[in-house]
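What follows is input.cif (mmCIF, C-alpha atoms, pLDDT in the B column; chains and numbers go by the auth columns).
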data_data
#
loop_
_atom_site.group_PDB
_atom_site.id
_atom_site.type_symbol
_atom_site.label_atom_id
_atom_site.label_comp_id
_atom_site.label_asym_id
_atom_site.label_seq_id
_atom_site.Cartn_x
_atom_site.Cartn_y
_atom_site.Cartn_z
_atom_site.B_iso_or_equiv
_atom_site.auth_seq_id
_atom_site.auth_asym_id
ATOM 1 C CA MET A 1 10.345 -7.117 3.517 95.00 1 I
ATOM 2 C CA ARG A 2 9.543 -3.406 3.600 98.00 2 I
ATOM 3 C CA VAL A 3 6.177 -1.922 2.635 98.00 3 I
ATOM 4 C CA VAL A 4 6.051 1.858 2.192 98.00 4 I
ATOM 5 C CA LEU A 5 2.706 3.666 2.201 98.00 5 I
ATOM 6 C CA TYR A 6 2.777 7.163 0.707 98.00 6 I
ATOM 7 C CA GLY A 7 -0.114 9.338 1.828 98.00 7 I
ATOM 8 C CA LYS A 8 -1.060 12.431 3.777 97.00 8 I
ATOM 9 C CA PRO A 9 -3.079 13.332 6.870 96.00 9 I
ATOM 10 C CA ASP A 10 -6.866 13.504 6.571 95.00 10 I
ATOM 11 C CA CYS A 11 -6.871 11.263 3.494 96.00 11 I
ATOM 12 C CA CYS A 12 -9.635 8.690 3.906 96.00 12 I
ATOM 13 C CA LEU A 13 -8.279 6.572 1.033 96.00 13 I
ATOM 14 C CA CYS A 14 -4.861 6.519 2.708 97.00 14 I
ATOM 15 C CA ASP A 15 -6.443 5.432 5.999 97.00 15 I
ATOM 16 C CA LEU A 16 -8.316 2.644 4.212 96.00 16 I
ATOM 17 C CA ALA A 17 -5.131 1.510 2.456 97.00 17 I
ATOM 18 C CA GLU A 18 -3.291 1.409 5.782 97.00 18 I
ATOM 19 C CA ALA A 19 -6.037 -0.712 7.340 97.00 19 I
ATOM 20 C CA LYS A 20 -5.878 -3.166 4.434 95.00 20 I
ATOM 21 C CA ILE A 21 -2.086 -3.321 4.618 96.00 21 I
ATOM 22 C CA ARG A 22 -2.236 -4.065 8.346 96.00 22 I
ATOM 23 C CA GLY A 23 -4.799 -6.775 7.553 95.00 23 I
ATOM 24 C CA LEU A 24 -2.252 -8.466 5.285 95.00 24 I
ATOM 25 C CA ARG A 25 0.201 -8.572 8.169 93.00 25 I
ATOM 26 C CA GLU A 26 -2.502 -10.153 10.358 94.00 26 I
ATOM 27 C CA ARG A 27 -2.888 -12.813 7.658 93.00 27 I
ATOM 28 C CA GLY A 28 0.767 -13.739 8.088 93.00 28 I
ATOM 29 C CA ALA A 29 2.739 -11.542 5.710 94.00 29 I
ATOM 30 C CA PRO A 30 5.980 -10.581 7.480 93.00 30 I
ATOM 31 C CA PHE A 31 6.900 -6.999 6.631 96.00 31 I
ATOM 32 C CA ASP A 32 7.815 -3.672 8.146 96.00 32 I
ATOM 33 C CA LEU A 33 5.347 -0.881 7.368 97.00 33 I
ATOM 34 C CA VAL A 34 6.751 2.598 6.813 98.00 34 I
ATOM 35 C CA LYS A 35 4.366 5.519 6.351 98.00 35 I
ATOM 36 C CA VAL A 36 5.567 8.553 4.390 98.00 36 I
ATOM 37 C CA ASP A 37 3.645 11.825 4.709 98.00 37 I
ATOM 38 C CA ILE A 38 4.077 13.372 1.266 98.00 38 I
ATOM 39 C CA LEU A 39 3.480 16.842 2.729 98.00 39 I
ATOM 40 C CA ARG A 40 6.753 16.455 4.669 98.00 40 I
ATOM 41 C CA ASP A 41 8.761 14.921 1.811 98.00 41 I
ATOM 42 C CA PRO A 42 9.064 17.171 -1.283 98.00 42 I
ATOM 43 C CA ALA A 43 10.313 14.371 -3.548 97.00 43 I
ATOM 44 C CA ALA A 44 7.444 12.083 -2.538 97.00 44 I
ATOM 45 C CA GLU A 45 4.940 14.912 -2.979 97.00 45 I
ATOM 46 C CA ALA A 46 6.223 15.658 -6.479 98.00 46 I
ATOM 47 C CA ARG A 47 5.974 11.985 -7.398 97.00 47 I
ATOM 48 C CA PHE A 48 2.676 10.997 -5.738 96.00 48 I
ATOM 49 C CA ARG A 49 0.692 14.231 -5.238 95.00 49 I
ATOM 50 C CA ASP A 50 -2.121 13.104 -7.566 95.00 50 I
ATOM 51 C CA THR A 51 -1.920 9.349 -6.975 96.00 51 I
ATOM 52 C CA ILE A 52 -2.068 8.687 -3.230 98.00 52 I
ATOM 53 C CA PRO A 53 -2.306 6.274 -1.662 98.00 53 I
ATOM 54 C CA ALA A 54 0.753 4.699 -3.243 98.00 54 I
ATOM 55 C CA VAL A 55 2.468 1.561 -1.979 98.00 55 I
ATOM 56 C CA GLU A 56 5.945 0.206 -2.633 98.00 56 I
ATOM 57 C CA VAL A 57 7.198 -3.227 -1.627 98.00 57 I
ATOM 58 C CA ASP A 58 10.974 -3.468 -1.345 97.00 58 I
ATOM 59 C CA GLY A 59 11.357 -0.419 -3.581 97.00 59 I
ATOM 60 C CA VAL A 60 8.935 -1.580 -6.292 98.00 60 I
ATOM 61 C CA LEU A 61 5.762 0.458 -6.841 98.00 61 I
ATOM 62 C CA VAL A 62 2.872 -1.989 -6.470 97.00 62 I
ATOM 63 C CA THR A 63 -0.218 0.216 -6.430 96.00 63 I
ATOM 64 C CA GLU A 64 -1.055 3.910 -6.623 96.00 64 I
ATOM 65 C CA GLY A 65 -4.237 5.918 -6.763 93.00 65 I
ATOM 66 C CA ARG A 66 -6.914 3.277 -6.661 90.00 66 I
ATOM 67 C CA PHE A 67 -5.685 0.756 -4.075 92.00 67 I
ATOM 68 C CA ASP A 68 -5.157 -2.721 -5.562 94.00 68 I
ATOM 69 C CA GLU A 69 -5.286 -5.195 -2.680 92.00 69 I
ATOM 70 C CA ARG A 70 -4.717 -8.209 -4.954 94.00 70 I
ATOM 71 C CA ALA A 71 -1.520 -6.721 -6.353 95.00 71 I
ATOM 72 C CA LEU A 72 -0.295 -6.101 -2.832 96.00 72 I
ATOM 73 C CA GLU A 73 -1.234 -9.646 -1.763 95.00 73 I
ATOM 74 C CA ARG A 74 0.897 -11.000 -4.616 94.00 74 I
ATOM 75 C CA ALA A 75 3.776 -8.666 -3.797 96.00 75 I
ATOM 76 C CA VAL A 76 3.935 -9.815 -0.164 96.00 76 I
ATOM 77 C CA GLY A 77 3.473 -13.486 -1.074 94.00 77 I
ATOM 78 C CA LEU A 78 -0.078 -14.090 0.145 93.00 78 I
ATOM 79 C CA PRO A 79 -2.750 -16.003 -1.765 88.00 79 I
ATOM 80 C CA PRO A 80 -5.990 -14.125 -2.478 81.00 80 I
ATOM 81 C CA ARG A 81 -8.589 -14.304 0.263 77.00 81 I
ATOM 82 C CA LYS A 82 -11.155 -17.070 -0.147 73.00 82 I
ATOM 83 C CA GLY A 83 -14.356 -16.037 -1.838 61.00 83 I
ATOM 84 C CA ARG A 84 -12.674 -13.519 -4.131 55.00 84 I
ATOM 85 C CA ARG A 85 -12.212 -13.963 -7.822 56.00 85 I
ATOM 86 C CA PRO A 86 -8.579 -14.066 -8.905 51.00 86 I
ATOM 87 C CA GLY A 87 -7.285 -10.789 -10.272 52.00 87 I
ATOM 88 C CA PRO A 88 -5.290 -10.099 -13.406 50.00 88 I
#

Could you express the structure from this file as structure tokens?
Amino acid sequence: MRVVLYGKPDCCLCDLAEAKIRGLRERGAPFDLVKVDILRDPAAEARFRDTIPAVEVDGVLVTEGRFDERALERAVGLPPRKGRRPGP
């Protein structure tokens, strides 16, 4: 499985998203994490300039803008963490 995080340097929301993604791997989700700096990729910048952080799983956009950890949990096959209400 491949998880792609689109972001840019000095983006606190991107850093937070990366930490949460790495936490999913620590919980047992097997995936490769690829980070794309949108400032170095014109196509990614055109697509995500106003909606970073954005995350794709195996080519499917799972979350953008406001990070949705539950959507990403579902996409990588993990159950929600205990103590959290189920999401939509």

For this session: Please identify all polymer residues within 12 Å of Glu26 in chain I, counting all atoms listed in the file, omitting same-chain residues fewer than 6 positions from it, and present them as a ChimeraX atom specification.
Result: /I:19-20,78

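Comparing I:Val3, I:Val57, I:Ala17, I:Cys11 by their smallest distance to Leu39 in chain I, the closest is I:Cys11 (using all atoms listed in the file).
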
For this session: Between I:Asp32, I:Tyr6, I:Gly77, I:Arg40, single out the one closest to Glu64 in chain I, counting all atoms listed in the file.
Result: I:Tyr6

For this session: Check what the PyMOL selection byres ((chain I and resi 16) around 12) selects in the file above and give those residues as a PyMOL selection string.
Result: chain I and resi 5+7+10-15+17-23+52-54+66-69

Exercise. Hey, what's within 8 Å of Leu72 in chain I if we count all atoms listed in the file and toss same-chain stuff fewer than 4 positions away? As a PyMOL selection string, please?
Worked result: chain I and resi 62-63+68+76

Exercise. How would you write, as an NGL selection string, the residues chosen by the PyMOL selection byres ((chain I and resi 35) around 7) on this structure?
Worked result: :I and (4-6 or 33-34 or 36-37)

Exercise. Hey, which of I:Thr51, I:Met1, I:Val60, I:Ala46 ends up closest to Pro30 in chain I? Count all atoms listed in the file.
Worked result: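 Looking at the shortest contact to Pro30 in chain I, the residue is I:Met1.
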
Problem set entry | I:Lys8, I:Pro80, I:Ala44, I:Glu73 ranked by distance to Ala29 in chain I, top pick (using only C-alpha atoms) | I:Glu73
